[in-house]
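Asks: File entry.cif follows (mmCIF, C-alpha atoms):
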```
data_query
loop_
_atom_site.group_PDB
_atom_site.id
_atom_site.type_symbol
_atom_site.label_atom_id
_atom_site.label_comp_id
_atom_site.auth_asym_id
_atom_site.auth_seq_id
_atom_site.Cartn_x
_atom_site.Cartn_y
_atom_site.Cartn_z
ATOM 1 C CA MET A 1 8.393 9.497 9.819
ATOM 2 C CA TRP A 2 8.686 6.816 7.152
ATOM 3 C CA VAL A 3 8.690 8.367 3.672
ATOM 4 C CA LYS A 4 7.990 6.440 0.467
ATOM 5 C CA ILE A 5 8.467 7.908 -3.004
ATOM 6 C CA CYS A 6 6.262 5.925 -5.364
ATOM 7 C CA GLY A 7 5.860 5.739 -9.127
ATOM 8 C CA ILE A 8 9.597 5.415 -9.771
ATOM 9 C CA THR A 9 10.299 4.756 -13.450
ATOM 10 C CA SER A 10 14.068 5.152 -13.752
ATOM 11 C CA GLU A 11 17.294 4.455 -11.913
ATOM 12 C CA GLU A 12 17.985 8.183 -11.847
ATOM 13 C CA ASP A 13 14.763 8.918 -9.990
ATOM 14 C CA ALA A 14 15.308 6.032 -7.570
ATOM 15 C CA LEU A 15 18.757 7.369 -6.705
ATOM 16 C CA ILE A 16 17.342 10.889 -6.328
ATOM 17 C CA ALA A 17 14.796 9.597 -3.820
ATOM 18 C CA VAL A 18 17.548 7.824 -1.882
ATOM 19 C CA ALA A 19 19.823 10.865 -1.928
ATOM 20 C CA MET A 20 17.030 13.101 -0.653
ATOM 21 C CA GLY A 21 16.420 10.883 2.353
ATOM 22 C CA ALA A 22 13.489 8.636 1.404
ATOM 23 C CA ASP A 23 13.101 5.380 3.310
ATOM 24 C CA ALA A 24 11.342 3.505 0.518
ATOM 25 C CA VAL A 25 10.736 3.632 -3.219
ATOM 26 C CA GLY A 26 7.773 2.153 -5.068
ATOM 27 C CA PHE A 27 7.422 0.631 -8.524
ATOM 28 C CA VAL A 28 3.997 0.230 -10.137
ATOM 29 C CA PHE A 29 3.120 -3.064 -11.815
ATOM 30 C CA ALA A 30 -0.598 -2.308 -12.106
ATOM 31 C CA PRO A 31 -1.938 -0.582 -15.255
ATOM 32 C CA SER A 32 -0.684 3.003 -15.037
ATOM 33 C CA PRO A 33 1.315 5.599 -16.995
ATOM 34 C CA ARG A 34 4.091 4.678 -14.541
ATOM 35 C CA GLN A 35 3.821 0.910 -15.031
ATOM 36 C CA MET A 36 7.113 -0.986 -14.979
ATOM 37 C CA SER A 37 8.269 -4.452 -16.024
ATOM 38 C CA PRO A 38 9.944 -6.869 -13.585
ATOM 39 C CA SER A 39 13.177 -6.849 -15.572
ATOM 40 C CA ALA A 40 13.365 -3.038 -15.613
ATOM 41 C CA VAL A 41 12.764 -2.886 -11.868
ATOM 42 C CA ALA A 42 15.349 -5.591 -11.191
ATOM 43 C CA ALA A 43 17.948 -3.504 -13.028
ATOM 44 C CA ILE A 44 17.200 -0.616 -10.645
ATOM 45 C CA THR A 45 16.861 -2.437 -7.320
ATOM 46 C CA ARG A 46 20.285 -4.054 -7.606
ATOM 47 C CA ARG A 47 21.802 -0.561 -7.611
ATOM 48 C CA LEU A 48 20.068 0.652 -4.446
ATOM 49 C CA PRO A 49 21.427 0.538 -0.874
ATOM 50 C CA PRO A 50 20.128 -2.472 1.100
ATOM 51 C CA GLU A 51 18.581 -0.247 3.773
ATOM 52 C CA ILE A 52 16.132 1.223 1.231
ATOM 53 C CA CYS A 53 12.802 -0.611 1.226
ATOM 54 C CA THR A 54 11.768 -1.406 -2.358
ATOM 55 C CA VAL A 55 8.045 -1.898 -2.935
ATOM 56 C CA GLY A 56 6.056 -3.346 -5.820
ATOM 57 C CA VAL A 57 2.535 -1.948 -6.246
ATOM 58 C CA PHE A 58 -0.139 -4.368 -7.483
ATOM 59 C CA LYS A 59 -3.879 -4.181 -8.046
ATOM 60 C CA ASP A 60 -6.038 -7.319 -8.090
ATOM 61 C CA GLU A 61 -3.106 -9.397 -9.301
ATOM 62 C CA GLU A 62 -3.127 -13.167 -8.777
ATOM 63 C CA PRO A 63 -1.293 -13.784 -5.480
ATOM 64 C CA ARG A 64 1.164 -16.278 -6.945
ATOM 65 C CA ARG A 65 2.027 -13.760 -9.633
ATOM 66 C CA VAL A 66 2.620 -11.071 -6.985
ATOM 67 C CA VAL A 67 5.122 -13.303 -5.190
ATOM 68 C CA GLU A 68 6.803 -14.240 -8.466
ATOM 69 C CA ILE A 69 7.236 -10.607 -9.537
ATOM 70 C CA VAL A 70 8.492 -9.492 -6.120
ATOM 71 C CA ASN A 71 11.154 -12.190 -6.163
ATOM 72 C CA ARG A 72 12.123 -11.671 -9.800
ATOM 73 C CA SER A 73 12.397 -7.908 -9.349
ATOM 74 C CA GLY A 74 14.512 -8.076 -6.196
ATOM 75 C CA LEU A 75 11.891 -6.272 -4.130
ATOM 76 C CA ASP A 76 11.410 -6.231 -0.380
ATOM 77 C CA ALA A 77 7.671 -5.605 -0.224
ATOM 78 C CA ALA A 78 4.327 -5.932 -1.980
ATOM 79 C CA GLN A 79 1.682 -3.208 -1.828
ATOM 80 C CA LEU A 80 -1.759 -4.621 -2.595
ATOM 81 C CA HIS A 81 -3.946 -1.859 -3.923
ATOM 82 C CA GLY A 82 -7.111 -3.598 -5.063
ATOM 83 C CA ASN A 83 -9.906 -5.799 -3.757
ATOM 84 C CA GLU A 84 -7.632 -8.528 -2.450
ATOM 85 C CA THR A 85 -9.229 -10.908 0.047
ATOM 86 C CA PHE A 86 -7.966 -11.926 3.468
ATOM 87 C CA GLU A 87 -6.764 -15.149 1.841
ATOM 88 C CA ASP A 88 -4.921 -13.311 -0.938
ATOM 89 C CA CYS A 89 -3.075 -11.145 1.566
ATOM 90 C CA GLY A 90 -2.305 -14.122 3.757
ATOM 91 C CA TYR A 91 -0.793 -16.036 0.849
ATOM 92 C CA VAL A 92 1.477 -13.126 -0.044
ATOM 93 C CA SER A 93 2.403 -12.247 3.538
ATOM 94 C CA VAL A 94 3.996 -15.626 4.254
ATOM 95 C CA ARG A 95 6.101 -15.432 1.086
ATOM 96 C CA VAL A 96 7.111 -11.764 0.959
ATOM 97 C CA PRO A 97 9.077 -9.959 3.718
ATOM 98 C CA LEU A 98 6.686 -6.996 3.983
ATOM 99 C CA VAL A 99 3.074 -6.489 2.871
ATOM 100 C CA ILE A 100 1.259 -3.153 2.627
ATOM 101 C CA LYS A 101 -2.524 -3.310 2.203
ATOM 102 C CA ALA A 102 -4.005 -0.195 0.656
ATOM 103 C CA PHE A 103 -7.576 1.016 1.085
ATOM 104 C CA GLN A 104 -9.389 3.909 -0.498
ATOM 105 C CA ALA A 105 -10.500 6.590 1.935
ATOM 106 C CA GLY A 106 -14.006 5.870 3.137
ATOM 107 C CA ASP A 107 -13.823 2.159 2.271
ATOM 108 C CA TYR A 108 -15.881 0.198 4.806
ATOM 109 C CA ARG A 109 -13.175 -2.500 4.810
ATOM 110 C CA LEU A 110 -10.736 -0.080 6.454
ATOM 111 C CA GLN A 111 -12.264 -0.856 9.846
ATOM 112 C CA ARG A 112 -11.304 -4.513 9.316
ATOM 113 C CA ALA A 113 -7.807 -3.732 8.054
ATOM 114 C CA ALA A 114 -6.156 -5.649 10.889
ATOM 115 C CA GLU A 115 -7.776 -8.877 9.644
ATOM 116 C CA TYR A 116 -5.772 -8.750 6.418
ATOM 117 C CA GLY A 117 -2.577 -9.495 8.329
ATOM 118 C CA ALA A 118 -0.577 -6.821 6.524
ATOM 119 C CA ASP A 119 2.438 -5.209 8.153
ATOM 120 C CA ILE A 120 1.328 -1.715 7.105
ATOM 121 C CA VAL A 121 -2.072 -0.184 6.288
ATOM 122 C CA LEU A 122 -2.136 2.534 3.621
ATOM 123 C CA VAL A 123 -5.037 4.925 3.100
ATOM 124 C CA ASP A 124 -5.247 6.489 -0.357
ATOM 125 C CA ALA A 125 -7.596 8.849 -2.148
ATOM 126 C CA PRO A 126 -10.934 7.484 -3.439
ATOM 127 C CA SER A 127 -9.361 7.756 -6.919
ATOM 128 C CA PRO A 128 -5.831 6.369 -6.410
ATOM 129 C CA GLY A 129 -3.221 7.953 -8.629
ATOM 130 C CA SER A 130 -5.360 11.023 -9.296
ATOM 131 C CA GLY A 131 -3.151 13.307 -7.222
ATOM 132 C CA LYS A 132 -6.275 14.738 -5.595
ATOM 133 C CA VAL A 133 -6.464 15.511 -1.882
ATOM 134 C CA PHE A 134 -9.261 13.816 0.060
ATOM 135 C CA ASP A 135 -10.893 14.601 3.391
ATOM 136 C CA TRP A 136 -8.226 13.327 5.775
ATOM 137 C CA ARG A 137 -10.874 12.603 8.400
ATOM 138 C CA LEU A 138 -11.763 9.544 6.291
ATOM 139 C CA ALA A 139 -8.496 7.960 7.420
ATOM 140 C CA GLU A 140 -9.694 7.885 11.010
ATOM 141 C CA GLY A 141 -11.332 4.498 10.482
ATOM 142 C CA ALA A 142 -7.972 2.754 10.370
ATOM 143 C CA PRO A 143 -7.423 0.447 13.365
ATOM 144 C CA ARG A 144 -5.278 1.934 16.103
ATOM 145 C CA GLY A 145 -1.972 0.312 16.897
ATOM 146 C CA ARG A 146 -1.306 -0.421 13.207
ATOM 147 C CA ARG A 147 1.381 1.290 11.151
ATOM 148 C CA LEU A 148 -0.650 3.712 9.040
ATOM 149 C CA VAL A 149 0.705 5.282 5.872
ATOM 150 C CA LEU A 150 -1.145 8.224 4.343
ATOM 151 C CA ALA A 151 -1.213 8.769 0.574
ATOM 152 C CA GLY A 152 -3.375 10.600 -1.941
ATOM 153 C CA GLY A 153 -2.744 14.120 -3.184
ATOM 154 C CA LEU A 154 0.184 14.813 -0.869
ATOM 155 C CA ASP A 155 2.868 17.298 -1.888
ATOM 156 C CA PRO A 156 5.554 19.405 -0.186
ATOM 157 C CA ASP A 157 3.024 22.122 0.656
ATOM 158 C CA ASN A 158 0.342 20.028 2.356
ATOM 159 C CA VAL A 159 2.155 17.014 3.822
ATOM 160 C CA GLY A 160 2.830 18.834 7.087
ATOM 161 C CA ASP A 161 -0.853 19.645 7.558
ATOM 162 C CA ALA A 162 -1.799 16.062 6.671
ATOM 163 C CA ILE A 163 0.584 14.652 9.258
ATOM 164 C CA GLY A 164 -0.697 17.086 11.869
ATOM 165 C CA ARG A 165 -4.293 16.010 11.216
ATOM 166 C CA VAL A 166 -3.920 12.233 10.800
ATOM 167 C CA HIS A 167 -0.721 11.459 12.763
ATOM 168 C CA PRO A 168 0.333 8.626 10.434
ATOM 169 C CA TRP A 169 3.402 6.457 10.873
ATOM 170 C CA GLY A 170 4.433 7.241 7.291
ATOM 171 C CA VAL A 171 3.544 9.088 4.098
ATOM 172 C CA ASP A 172 3.564 8.075 0.439
ATOM 173 C CA VAL A 173 3.818 10.400 -2.565
ATOM 174 C CA SER A 174 3.998 10.011 -6.337
ATOM 175 C CA SER A 175 2.574 12.753 -8.556
ATOM 176 C CA GLY A 176 3.093 15.398 -5.864
ATOM 177 C CA VAL A 177 6.857 15.333 -6.436
ATOM 178 C CA GLU A 178 6.869 14.998 -10.228
ATOM 179 C CA ALA A 179 8.100 17.377 -12.897
ATOM 180 C CA SER A 180 5.970 15.439 -15.405
ATOM 181 C CA VAL A 181 4.205 12.070 -15.394
ATOM 182 C CA GLY A 182 6.741 9.447 -14.360
ATOM 183 C CA LYS A 183 9.594 11.928 -13.894
ATOM 184 C CA LYS A 184 10.529 13.086 -10.402
ATOM 185 C CA ASP A 185 11.609 16.632 -9.536
ATOM 186 C CA ALA A 186 14.615 16.429 -7.193
ATOM 187 C CA ARG A 187 13.765 19.735 -5.503
ATOM 188 C CA ARG A 188 10.211 18.669 -4.793
ATOM 189 C CA VAL A 189 11.361 15.289 -3.498
ATOM 190 C CA ARG A 190 13.777 17.000 -1.120
ATOM 191 C CA ALA A 191 11.146 19.513 0.017
ATOM 192 C CA PHE A 192 8.621 16.729 0.616
ATOM 193 C CA VAL A 193 11.007 14.647 2.724
ATOM 194 C CA GLN A 194 12.054 17.679 4.750
ATOM 195 C CA ALA A 195 8.470 18.808 5.342
ATOM 196 C CA ALA A 196 7.375 15.325 6.388
ATOM 197 C CA ARG A 197 10.233 14.919 8.828
ATOM 198 C CA ALA A 198 9.696 18.394 10.280
ATOM 199 C CA ALA A 199 6.030 17.600 10.966
ATOM 200 C CA GLU A 200 6.655 14.216 12.588
ATOM 201 C CA PRO A 201 4.691 13.932 15.843
ATOM 202 C CA GLN A 202 6.611 13.020 18.988
ATOM 203 C CA PRO A 203 6.114 10.406 20.156
ATOM 204 C CA TYR A 204 4.279 8.369 17.502
ATOM 205 C CA ASP A 205 1.088 6.793 18.824
ATOM 206 C CA THR A 206 1.701 3.070 18.325
ATOM 207 C CA ASP A 207 2.313 -0.101 20.258
ATOM 208 C CA ASP A 208 5.911 -0.262 19.028
ATOM 209 C CA ALA A 209 8.552 0.764 21.548
ATOM 210 C CA ALA A 210 11.310 1.286 18.970
ATOM 211 C CA PRO A 211 11.610 2.693 15.445
ATOM 212 C CA TYR A 212 10.380 0.320 12.774
ATOM 213 C CA ASP A 213 13.002 -1.659 10.882
ATOM 214 C CA TRP A 214 11.360 -3.457 7.961
ATOM 215 C CA GLN A 215 14.422 -5.698 7.559
ATOM 216 C CA VAL A 216 14.036 -7.378 10.937
ATOM 217 C CA ASP A 217 10.284 -7.155 11.522
ATOM 218 C CA ASP A 218 8.451 -10.481 11.772
#
```
How does this structure look as structure tokens?

Replies:
Amino acid sequence: MWVKICGITSEEDALIAVAMGADAVGFVFAPSPRQMSPSAVAAITRRLPPEICTVGVFKDEEPRRVVEIVNRSGLDAAQLHGNETFEDCGYVSVRVPLVIKAFQAGDYRLQRAAEYGADIVLVDAPSPGSGKVFDWRLAEGAPRGRRLVLAGGLDPDNVGDAIGRVHPWGVDVSSGVEASVGKKDARRVRAFVQAARAAEPQPYDTDDAAPYDWQVDD
């Protein structure tokens, strides 16, 4: 079970996520109380182990700007969280090692997610960043055989149920492991990672024969 801790705003919280067993950390560049600058993120990413996937979160940003920020910040991946077109995603995907395309639950475009060419499909709440749980059945429209990451209102108490219902490849959390806005709670991060790993279905229903390694994936 791939676990991403998003909304990181400090080196301390990034290192907490790593120490507690997260596979990825996310930094928000879109308007948000957790918004970061490229220079601040670059200062953090250079201190993280190379096996940790570092993700920049964007919303309706100009594709060239996305690529520029990813490179300047020392990131491994771009998460596109807005109304990006097939062409926008294609431009980014050939210039960034890993692309995550996010869709709101219930979005009609989710059924065409494979056409965006992203490496990972993420399904979030209808109001991203709200911390509110949505009807997980709305994630069922995601195309099968794609790496699906579930987000939106997850926390240490409900992530196990969410995984049991949706059977995602990974999970993504931000406010559900915070002590306050933009500040992670180490105990909640640890509890979330443990609960997610304990609920991991065996085997995962995907076309991949081996565990996913973002560093070597085409």

Asks: Given all atoms listed in the file as the basis, pick out the residue of A:Val96, A:Arg47, A:Lys183, A:Val123 nearest to Tyr108 (chain A).

Replies: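 Ranked by minimum distance to Tyr108 (chain A), first place goes to A:Val123.
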
Asks: Starting from 6 Å padding per side, set up an axis-aligned box that covers all listed atoms of region 5-15 of chain A and hand over centre and edge lengths in Å, one decimal, as JSON.

Replies:
```
{"center_x": 12.3, "center_y": 6.7, "center_z": -8.4, "size_x": 24.9, "size_y": 16.5, "size_z": 22.7}
```

Asks: Could you expand the PyMOL selection byres ((chain A and resi 75-80) around 7) into the explicit residues it covers here, written as a count of residues only?

Replies: 20

Asks: Would you mind telling me which residue in A:Leu150, A:Ile16, A:Val94, A:Cys89 lies nearest to Glu178 (chain A) when using only C-alpha atoms?

Replies: A:Ile16

Asks: Have a look at A:Ala24, A:Val171, A:Met36, A:Met1 and name the one nearest to Ile52 (chain A); count all atoms listed in the file.

Replies: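 Using all atoms listed in the file, the shortest distance to Ile52 (chain A) belongs to A:Ala24.
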